[in-house]
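Asker: First the structure, then my questions, so here it is.
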Amino acid sequence: MKIRQIEYFLEVEKTLNITKAAQNMYVTQTAITKQLQLLEEELGFALFSRENKRMRLTEGGIFFKEEALRLMHQYHLTRQNVAAYRYGEAGCINIGFLKTLIPSCFCPACPLSVPDIRKSRSTFTDIPTRRSISGFKTAPSISVLALPCITAGFITIL
């Protein structure tokens, strides 16, 4: 099963006409017919019933339509997320600090406690990011803050 086959299926389902679907997808009617046949063969059931040049979804076609819509939604979301990651708009931020550090030292203008920071959501809620905040107990843990897995580390010098 290929994404293109699913796109063709959804277009034919929308128009209920292979010729119109082919025009909308800028391909030949033969290409759509062939891909639908391959898809039906793979699924093991007919997606459309064809009677007197009229098309309608079969029961299996109705079931597959719901799955195809869900799959295409996830496909587009994945492409969007990957593009965001590629341009540095998504990813993972790992913050490390010593547990003796006063939470307000994180951001003097932002009086959040560590649990508040853990719960906070990104300002850009449509951009997928993961945050990891780790507190270390002892001063020897300072070396841990230099590990590549830590994006930012905070210590206090007294």
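In the structure tokens, chains take letters A, B, ... by order of appearance, with residues numbered from 1 within each chain and ligands from 1 in the order shown.
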Give me the residues near segment 51-62 of chain A as an mmCIF file with C-alpha atoms, in the first residue's frame, where near means some atom within 10 Å (using only C-alpha atoms) and where sequence neighbours in that chain fewer than 4 positions away do not count.
Answerer:
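The result, stored in part-v9.cif:
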data_model
loop_
_atom_site.group_PDB
_atom_site.id
_atom_site.type_symbol
_atom_site.label_atom_id
_atom_site.label_comp_id
_atom_site.auth_asym_id
_atom_site.auth_seq_id
_atom_site.Cartn_x
_atom_site.Cartn_y
_atom_site.Cartn_z
ATOM 1 C CA PHE A 9 -8.650 6.353 -3.539
ATOM 2 C CA VAL A 12 -12.104 8.978 -6.411
ATOM 3 C CA GLU A 13 -14.214 8.629 -3.264
ATOM 4 C CA THR A 15 -15.690 12.718 -6.880
ATOM 5 C CA LEU A 16 -17.114 9.223 -7.429
ATOM 6 C CA ASN A 17 -15.717 9.581 -10.932
ATOM 7 C CA ILE A 18 -12.358 8.261 -12.112
ATOM 8 C CA GLU A 40 -8.058 -3.613 -3.905
ATOM 9 C CA LEU A 43 -6.670 -5.335 0.646
ATOM 10 C CA GLY A 44 -8.530 -8.390 -0.612
ATOM 11 C CA PHE A 45 -11.855 -6.640 -1.236
ATOM 12 C CA ALA A 46 -13.466 -4.156 -3.614
ATOM 13 C CA LEU A 47 -13.515 -0.531 -2.526
ATOM 14 C CA GLU A 66 -12.012 6.100 7.678
ATOM 15 C CA GLU A 67 -8.657 4.355 8.040
ATOM 16 C CA ALA A 68 -7.256 6.176 5.001
#
